[in-house]
Amino acid sequence: MSRLNALRSRFVDAPDSLGARARARRWQWFADRFPDLDQMHVLDLGGTAGAWMRAPVRPAHVHIVNLEQPPADLPAWLRADVADACDLPAAIRSTQYDLAFSNAVIEHVGGHQRRQQFADTVHEMAERHWVQTPYRYFPVEPHFLFPGFQFLPLTARTTILRRWPLVHTPTSDRDAARMIAMEVELLSVTEMRHYFPKSHIRFERLAGLVKSVIAIRN
């Protein structure tokens, strides 16, 4: 078990892991695409304060919207509210933002209708956006680090989640495992182009294969 946990750390969690290097590269792409980021008011749909505090870039202000309760103490340039990114309250909708940002969230919101609402929020809230999501047809499912996991029947995915040691938050409970499996719906390039028809689509690759898809408008 410890060897497998070390394997997950090597690929995803450790500061020098493949995942960390990929995140650093995406941050650099993000900074290059929006060189005036340090003057921007950014709306982050579904992000976390911790991710921004660890990030190598810093906008003038970041407003995070997430269903989870944020930390109590945040720096002055960060604000966080509990809200549904697919159905923002009027107080947030009436605020002006320079950029809508989202990292690996749209695959979690639940079904086509909710994804369309999420995309509509992105388009409504700012003229510019950066929306990244893991690619459905990359051979290893990125949340669970299991080859072909996204193509298996729900029963098989549930069984795997109860036993596979590389899962980020393992559980032996069948109902909990089923809920976790059902919560992720990876997207194709065609779907991303449907939700973001006027965006530039950029591909992140690993070993020559598309690993994630980013919709960019600036």
# chains A, B, ... in the order shown; residues from 1 in each chain; ligands from 1

$ select_by_dssp --residues "segment 19-210 of chain A" --states "strand (DSSP E or B)" --output "NGL selection string"
:A and (41-45 or 61-66 or 78-82 or 99-103 or 128-135 or 140-141 or 146-147 or 187 or 200-206 or 209-210)

$ write_last_selection --atoms "N, CA and C atoms" --output "short mmCIF file (atom, residue, chain, number, x, y, z; two decimals), in the first residue's frame"
data_model
loop_
_atom_site.label_atom_id
_atom_site.label_comp_id
_atom_site.auth_asym_id
_atom_site.auth_seq_id
_atom_site.Cartn_x
_atom_site.Cartn_y
_atom_site.Cartn_z
N HIS A 41 -9.71 41.75 -12.26
CA HIS A 41 -10.66 41.25 -11.26
C HIS A 41 -11.18 39.92 -11.81
N VAL A 42 -10.80 38.81 -11.18
CA VAL A 42 -11.07 37.46 -11.70
C VAL A 42 -12.18 36.80 -10.90
N LEU A 43 -13.12 36.17 -11.60
CA LEU A 43 -14.13 35.33 -10.98
C LEU A 43 -13.73 33.88 -11.21
N ASP A 44 -13.47 33.16 -10.13
CA ASP A 44 -13.10 31.75 -10.20
C ASP A 44 -14.31 30.90 -9.84
N LEU A 45 -14.81 30.16 -10.81
CA LEU A 45 -15.98 29.31 -10.61
C LEU A 45 -15.54 27.92 -10.17
N HIS A 61 -7.42 41.00 -7.96
CA HIS A 61 -8.43 40.49 -7.03
C HIS A 61 -9.03 39.22 -7.59
N VAL A 62 -9.30 38.24 -6.73
CA VAL A 62 -9.93 36.99 -7.13
C VAL A 62 -11.16 36.76 -6.26
N HIS A 63 -12.29 36.52 -6.91
CA HIS A 63 -13.54 36.19 -6.22
C HIS A 63 -13.86 34.73 -6.53
N ILE A 64 -13.83 33.89 -5.51
CA ILE A 64 -14.06 32.46 -5.66
C ILE A 64 -15.50 32.12 -5.30
N VAL A 65 -16.13 31.31 -6.15
CA VAL A 65 -17.47 30.79 -5.87
C VAL A 65 -17.36 29.28 -5.81
N ASN A 66 -17.79 28.70 -4.69
CA ASN A 66 -17.67 27.26 -4.49
C ASN A 66 -18.80 26.81 -3.58
N LEU A 78 -8.25 38.22 -1.97
CA LEU A 78 -9.11 37.05 -2.19
C LEU A 78 -10.45 37.22 -1.48
N ARG A 79 -11.52 36.85 -2.19
CA ARG A 79 -12.85 36.78 -1.59
C ARG A 79 -13.44 35.44 -1.98
N ALA A 80 -14.19 34.83 -1.08
CA ALA A 80 -14.81 33.54 -1.38
C ALA A 80 -16.24 33.52 -0.87
N ASP A 81 -17.16 33.05 -1.71
CA ASP A 81 -18.56 32.92 -1.33
C ASP A 81 -19.06 31.52 -1.63
N VAL A 82 -19.98 31.05 -0.79
CA VAL A 82 -20.64 29.77 -1.03
C VAL A 82 -21.81 30.02 -1.97
N LEU A 99 -12.29 38.67 -16.03
CA LEU A 99 -11.97 37.33 -16.51
C LEU A 99 -12.71 36.29 -15.68
N ALA A 100 -13.33 35.32 -16.36
CA ALA A 100 -13.91 34.15 -15.69
C ALA A 100 -12.92 33.00 -15.82
N PHE A 101 -12.67 32.34 -14.71
CA PHE A 101 -11.65 31.29 -14.65
C PHE A 101 -12.26 30.03 -14.05
N SER A 102 -11.86 28.87 -14.59
CA SER A 102 -12.29 27.61 -13.99
C SER A 102 -11.29 26.52 -14.32
N ASN A 103 -10.92 25.76 -13.32
CA ASN A 103 -9.94 24.69 -13.50
C ASN A 103 -10.54 23.37 -13.04
N ARG A 128 -13.68 37.78 -21.12
CA ARG A 128 -12.55 36.86 -21.28
C ARG A 128 -12.71 35.67 -20.34
N HIS A 129 -12.19 34.54 -20.77
CA HIS A 129 -12.28 33.37 -19.90
C HIS A 129 -11.16 32.36 -20.17
N TRP A 130 -10.98 31.51 -19.17
CA TRP A 130 -10.05 30.37 -19.22
C TRP A 130 -10.75 29.23 -18.49
N VAL A 131 -11.14 28.20 -19.25
CA VAL A 131 -11.87 27.06 -18.67
C VAL A 131 -11.14 25.78 -19.07
N GLN A 132 -10.59 25.09 -18.09
CA GLN A 132 -9.82 23.87 -18.34
C GLN A 132 -10.57 22.66 -17.81
N THR A 133 -10.47 21.54 -18.52
CA THR A 133 -11.08 20.29 -18.06
C THR A 133 -10.26 19.11 -18.57
N PRO A 134 -10.17 18.02 -17.80
CA PRO A 134 -9.49 16.82 -18.30
C PRO A 134 -10.22 16.26 -19.52
N TYR A 135 -9.44 15.68 -20.43
CA TYR A 135 -9.99 15.17 -21.68
C TYR A 135 -10.53 13.76 -21.49
N VAL A 140 -5.85 7.33 -19.14
CA VAL A 140 -5.90 7.17 -17.69
C VAL A 140 -6.83 8.25 -17.11
N GLU A 141 -7.86 7.82 -16.41
CA GLU A 141 -8.78 8.78 -15.79
C GLU A 141 -8.02 9.56 -14.71
N PHE A 146 -6.84 5.45 -12.90
CA PHE A 146 -7.13 4.08 -13.31
C PHE A 146 -7.35 4.07 -14.82
N PRO A 147 -6.64 3.21 -15.57
CA PRO A 147 -6.78 3.18 -17.04
C PRO A 147 -8.20 2.83 -17.47
N LEU A 187 -15.35 15.36 -20.39
CA LEU A 187 -15.86 15.95 -21.63
C LEU A 187 -14.95 15.66 -22.81
N HIS A 200 -10.93 29.93 -28.32
CA HIS A 200 -9.79 29.16 -28.83
C HIS A 200 -9.65 27.93 -27.95
N ILE A 201 -9.51 26.76 -28.55
CA ILE A 201 -9.35 25.52 -27.80
C ILE A 201 -7.88 25.12 -27.83
N ARG A 202 -7.30 25.03 -26.65
CA ARG A 202 -5.89 24.65 -26.53
C ARG A 202 -5.81 23.27 -25.88
N PHE A 203 -4.87 22.48 -26.35
CA PHE A 203 -4.70 21.12 -25.84
C PHE A 203 -3.44 21.02 -24.99
N GLU A 204 -3.58 20.39 -23.85
CA GLU A 204 -2.43 20.01 -23.05
C GLU A 204 -2.15 18.54 -23.33
N ARG A 205 -0.90 18.21 -23.63
CA ARG A 205 -0.56 16.85 -24.02
C ARG A 205 0.41 16.20 -23.04
N LEU A 206 0.34 14.89 -22.95
CA LEU A 206 1.30 14.08 -22.20
C LEU A 206 1.65 12.89 -23.07
N LEU A 209 -0.28 12.56 -26.27
CA LEU A 209 -1.73 12.40 -26.22
C LEU A 209 -2.38 13.58 -25.51
N VAL A 210 -3.55 13.97 -25.99
CA VAL A 210 -4.27 15.09 -25.36
C VAL A 210 -4.70 14.67 -23.96
#

$ closest_residue --among "A:Ala31, A:Met192, A:Val105, A:Met179" --to "Ala55 of chain A" --atoms "only C-alpha atoms"
A:Ala31

$ atom_distance --atom1 "atom CA of Glu107 of chain A" --atom2 "atom CA of Arg25 of chain A"
21.2 Å

$ residues_around --residues "Pro59 of chain A" --least-positions-apart "3" --cutoff "6 Å" --atoms "only C-alpha atoms" --output "ChimeraX atom specification"
/A:37-38,40

$ write_last_selection --atoms "all heavy atoms" --output "short mmCIF file (atom, residue, chain, number, x, y, z; two decimals), in the first residue's frame"
data_model
loop_
_atom_site.label_atom_id
_atom_site.label_comp_id
_atom_site.auth_asym_id
_atom_site.auth_seq_id
_atom_site.Cartn_x
_atom_site.Cartn_y
_atom_site.Cartn_z
N LEU A 37 -2.78 40.36 -16.15
CA LEU A 37 -3.49 39.65 -15.09
C LEU A 37 -3.39 40.37 -13.75
O LEU A 37 -4.34 40.37 -12.96
CB LEU A 37 -2.94 38.22 -14.96
CG LEU A 37 -3.63 37.30 -13.96
CD1 LEU A 37 -5.07 37.01 -14.39
CD2 LEU A 37 -2.84 35.99 -13.82
N ASP A 38 -2.25 40.99 -13.48
CA ASP A 38 -2.06 41.65 -12.19
C ASP A 38 -2.96 42.87 -12.01
O ASP A 38 -3.03 43.44 -10.92
CB ASP A 38 -0.60 42.03 -11.99
CG ASP A 38 -0.10 43.01 -13.05
OD1 ASP A 38 -0.79 43.22 -14.06
OD2 ASP A 38 1.00 43.55 -12.87
N MET A 40 -6.30 42.57 -13.14
CA MET A 40 -7.62 42.02 -13.40
C MET A 40 -8.38 41.65 -12.13
O MET A 40 -7.81 41.24 -11.13
CB MET A 40 -7.52 40.77 -14.27
CG MET A 40 -7.19 41.03 -15.71
SD MET A 40 -7.28 39.47 -16.64
CE MET A 40 -6.95 40.06 -18.28
#

$ closest_residue --among "A:Asn218, A:Arg136, A:Val122, A:Val109" --to "Ser188 of chain A" --atoms "only C-alpha atoms"
A:Arg136

$ closest_residue --among "A:Glu185, A:Asp98, A:Asp36, A:Glu127" --to "Pro142 of chain A" --atoms "only C-alpha atoms"
A:Glu185

$ residues_around --residues "His168 of chain A" --least-positions-apart "2" --cutoff "8 Å" --atoms "only C-alpha atoms" --output "list in words"
His143, Phe144, Leu166 and Pro170 of chain A

$ write_last_selection --atoms "N, CA, C and O atoms" --output "compact mmCIF listing (two decimals), in the first residue's frame"
# COMPACT_ATOMS: atom_id res chain seq x y z
N HIS A 143 -8.77 11.64 -12.17
CA HIS A 143 -9.20 11.74 -10.78
C HIS A 143 -8.86 10.49 -9.98
O HIS A 143 -8.55 10.56 -8.80
N PHE A 144 -8.91 9.35 -10.65
CA PHE A 144 -8.77 8.07 -9.96
C PHE A 144 -7.52 7.29 -10.37
O PHE A 144 -7.24 6.24 -9.82
N LEU A 166 -5.05 4.11 -5.36
CA LEU A 166 -4.59 5.39 -5.87
C LEU A 166 -5.68 6.46 -5.89
O LEU A 166 -5.44 7.59 -6.31
N PRO A 170 -10.12 7.49 -0.64
CA PRO A 170 -10.68 6.13 -0.72
C PRO A 170 -11.85 5.93 0.24
O PRO A 170 -11.94 6.57 1.29

$ select_by_dssp --residues "segment 1-79 of chain A" --states "helix (DSSP H, G or I)" --output "PyMOL selection string"
chain A and resi 2-13+18-33+37-39+49-54

$ atom_distance --atom1 "atom CA of Lys211 of chain A" --atom2 "atom CA of Phe138 of chain A"
5.4 Å
